[in-house]
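Q: I have a structure I would like to understand better, so I am pasting it below and will then ask my questions one at a time.
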Amino acid sequence: MKTFTGRLKGGIPGHDTTRRSGCSATCSALPRGSPYGRRVTFPEDRLPWRVAMDRALYGPDGFFVAGAGPAAHFRTSVHASPVFAAALLAVVHQVDAALGHPARLDVVDVGAGRGELLSALGVSAGCALGARRLRLTAVERAARPADLPEEINWVDEIPDAITGLLLATEWLDNVPLDVAVQSDDGWRCLLVDPATGEESVGDPVSPVDEEWLDRWWPTTPAASGARAEIGRTRDEAWAEAVAKIDRGLALTVDYGHLRDSRPVDGTLTGYRGGRQVPPVPDGSGDVTAHVAVDSVASAGERVARCAYRLVSQRAALRALGADGGRPPLSLAASDPAGYVRALAAASTVAELTDPAGLGGHWWLLQPVDVALDSLMAR
Ligand SMILES: C[S@@+](CC[C@H](N)C(=O)[O-])C[C@H]1O[C@@H](n2cnc3c(N)ncnc32)[C@H](O)[C@@H]1O
């Protein structure tokens with residue numbers, strides 16, 4: 001999540017911000033912020049970004065598996081407001097109805113953090129749909145939290161044969177990816193020193209990555225020094241998730257960009273302790289990059305053989321009835337406490353729907369073998 005403008009993952013209140021293997025061992029230095037081209041030889045201490053991210057986030061002492069959990073470092077929609085979980089509950093109801101109220105309804109949360117979303121959804125969904133019909137599953141690489149409600153299953157792989165809703169909020173942006181830089185002879189793999197974040201230029205990208213870049217990250221005219229984040233690993237992760245659904249809906253919510261407006265310098269960034277920081281893959285903080293959502297959508301659609309829908313979070317929440325409007329002033333006179341509560345709820349909706357922040361996130365809806373025509377306006 002780069003651009004350093006405070007968009008992307010929301011900040012924590014009180015703080016100021018809301019492969020390929022085989023790259024060469026000797027490479028040319030690319031000091032952050034300097035133009036591509038200065039050549040210095042480095043020892044073999046550099047890794048492709050995908051490998052460095054994977055170790056930093058999911059290695060034995062990785063940021064997401066060993067630490068306090070994402071909520072200690074940044075705010076996602078899940079943490080920003082209970083309105084988010086309430087809106088997803090409405091989606092659960094719509095999926096249940098579209099499936100004809102099956103005997104077992106799955107709600108699977110991929111990249112579940114510490115299970116916050118399923119905990120919030122579970123009680124109300126269980127009451128409304130019947131706890132016996134509902135199967136809640138958190139998919140996470142971190143260990144099961146000790147205080148998680150027992151009705152939530154905790155696994156490290158997406159289960160097969162899902163009937164229901166597969167959710168993934170701010171998962172794909174943390175799927176490790178390679179980064180490329182445009183040189184005079186084409187795209188080359190960027191390498192990184194995991195201890196410092198200093199980058200170097202490695203080998204030309206692999207043919208499959210080059211193909212992805214040609215299709216999904218066009219640069220016209222090819223500009224030497226331009227960066228690109230190769231979203232192929234996210235496409236594959238999403239396609240695998242969609243393939244696990246027998247019938248139902250896959251919904252991912254994340255920040256991202258489209259082919260016609262890719263960020264020229266990429267979006268790779270870090271988060272630590274509630275602040276946006278330069279990306280250093282040393283395990284002490286989050287390292288993340290926006291998602292090429294159209295490429296991901298296309299990969300999922302190929303598996304599902306069903307048209308996807310891509311809408312902004314702002315549009316999605318409004319379609320689900322969360323419009324963030326202020327309560328009528330007359331309520332202040334008749335029910336002052338209720339007015340204050342309604343005002344507070346409206347302000348959290350405003351955070352979720354702010355087009356410059358969480359409201360600019362994308363909702364990608366991928367139906368599988370089910371008609372969901374009525375689900376949210378375009
Ligand atoms: C940014 S956090 C989002 C947490 C939560 N969904 C939210 O919106 O607040 C991303 C989470 O995805 C998890 N994750 C990443 N790749 C995963 C995978 N392949 N399987 C399971 N969990 C994964 C990470 O461990 C991390 O907890």
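So you can find residues: chains in the structure tokens are A, B, ... in the order shown, residues in each start at 1, and ligands are numbered from 1 in order.
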Using only C-alpha atoms and all ligand atoms, find each residue in chain A having at least one atom no more than 10 Å away from ligand 1; report its shortest atom-to-atom pair and that distance in Å (one decimal), rows by chain then rising number, as CSV.
A:
```
residue,atom,partner,partner_atom_place_in_ligand_line,distance
A:Lys9,CA,ligand 1,1 (C),8.4
A:Asp54,CA,ligand 1,16 (N),9.1
A:Leu57,CA,ligand 1,25 (O),7.4
A:Tyr58,CA,ligand 1,25 (O),6.9
A:Gly62,CA,ligand 1,25 (O),9.0
A:Phe63,CA,ligand 1,25 (O),8.2
A:Phe64,CA,ligand 1,25 (O),4.6
A:Val65,CA,ligand 1,25 (O),6.0
A:Ala66,CA,ligand 1,25 (O),9.5
A:Gly69,CA,ligand 1,27 (O),6.6
A:Pro70,CA,ligand 1,2 (S),5.5
A:Ala71,CA,ligand 1,9 (O),6.7
A:His73,CA,ligand 1,1 (C),9.6
A:Phe74,CA,ligand 1,1 (C),8.3
A:Arg75,CA,ligand 1,9 (O),7.1
A:Thr76,CA,ligand 1,9 (O),4.9
A:Ser77,CA,ligand 1,8 (O),6.3
A:Val78,CA,ligand 1,9 (O),5.1
A:His79,CA,ligand 1,9 (O),6.3
A:Ala80,CA,ligand 1,9 (O),9.2
A:Asp109,CA,ligand 1,6 (N),7.3
A:Val110,CA,ligand 1,21 (C),5.7
A:Gly111,CA,ligand 1,12 (O),3.2
A:Ala112,CA,ligand 1,6 (N),4.3
A:Gly113,CA,ligand 1,27 (O),3.6
A:Arg114,CA,ligand 1,27 (O),6.8
A:Gly115,CA,ligand 1,5 (C),7.5
A:Glu116,CA,ligand 1,9 (O),7.2
A:Leu117,CA,ligand 1,5 (C),7.2
A:Leu118,CA,ligand 1,6 (N),9.6
A:Ala138,CA,ligand 1,21 (C),8.4
A:Val139,CA,ligand 1,21 (C),4.9
A:Glu140,CA,ligand 1,22 (N),3.5
A:Arg141,CA,ligand 1,22 (N),4.5
A:Ala142,CA,ligand 1,25 (O),5.5
A:Ala143,CA,ligand 1,25 (O),9.2
A:Val155,CA,ligand 1,21 (C),8.2
A:Asp156,CA,ligand 1,21 (C),5.6
A:Glu157,CA,ligand 1,20 (N),6.2
A:Ile158,CA,ligand 1,20 (N),7.4
A:Leu167,CA,ligand 1,6 (N),8.5
A:Ala168,CA,ligand 1,6 (N),6.1
A:Thr169,CA,ligand 1,8 (O),4.4
A:Glu170,CA,ligand 1,3 (C),4.8
A:Trp171,CA,ligand 1,10 (C),4.5
A:Leu172,CA,ligand 1,15 (C),7.3
A:Asp173,CA,ligand 1,1 (C),7.4
A:Asn174,CA,ligand 1,15 (C),5.7
A:Val175,CA,ligand 1,16 (N),5.6
A:Pro176,CA,ligand 1,16 (N),8.4
A:Ala237,CA,ligand 1,19 (N),7.6
A:Ala241,CA,ligand 1,19 (N),9.7
A:Thr252,CA,ligand 1,6 (N),9.7
A:Val253,CA,ligand 1,8 (O),8.3
A:Asp254,CA,ligand 1,8 (O),8.6
A:Asp286,CA,ligand 1,1 (C),8.0
A:Val287,CA,ligand 1,1 (C),9.5
A:Thr288,CA,ligand 1,1 (C),8.4
```
Q: Excluding segment 343-353 of chain A and any residue of its chain fewer than 2 positions from it, enumerate the residues within 12 Å of it, using only C-alpha atoms, and give them as a PyMOL selection string.
A: chain A and resi 7-11+13+18+75-87+253+312-329+331-332+336-341+355-362
Q: How many Å separate atom CA of Ala307 of chain A from atom CA of Lys244 of chain A?
A: 17.1 Å
Q: When DSSP works through the backbone of this structure, what residues of segment 152-228 of chain A end up as alpha helix (DSSP H), shown as a PyMOL selection string?
A: chain A and resi 207-216
Q: Keeping only C-alpha atoms, take the residues you just selected and write them out as a compact mmCIF listing (two decimals), in the first residue's frame.
A:
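What ended up in result02.txt:
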```txt
# COMPACT_ATOMS: atom_id res chain seq x y z
CA PRO A 207 8.45 -15.51 -19.34
CA VAL A 208 5.19 -16.04 -17.37
CA ASP A 209 5.73 -12.86 -15.40
CA GLU A 210 6.56 -10.98 -18.58
CA GLU A 211 3.33 -12.24 -20.09
CA TRP A 212 1.42 -11.04 -17.01
CA LEU A 213 3.09 -7.62 -17.20
CA ASP A 214 2.33 -7.27 -20.91
CA ARG A 215 -1.33 -8.02 -20.32
CA TRP A 216 -1.98 -6.36 -16.99
```
Q: From a backbone DSSP assignment, name each residue in segment 247-320 of chain A labelled strand (DSSP E), as a list of chain:residue names.
A: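 Those residues are A:Arg247, A:Gly248, A:Leu249, A:Ala250, A:Leu251, A:Thr252, A:Val253, A:Asp254, A:Gly256, A:His257, A:Thr269, A:Gly270, A:Tyr271, A:Arg272, A:Arg275, A:Gln276, A:Val277, A:Asp286, A:Val287, A:Thr288, A:Val291, A:Ala292, A:Arg309, A:Leu310, A:Val311, A:Ser312.
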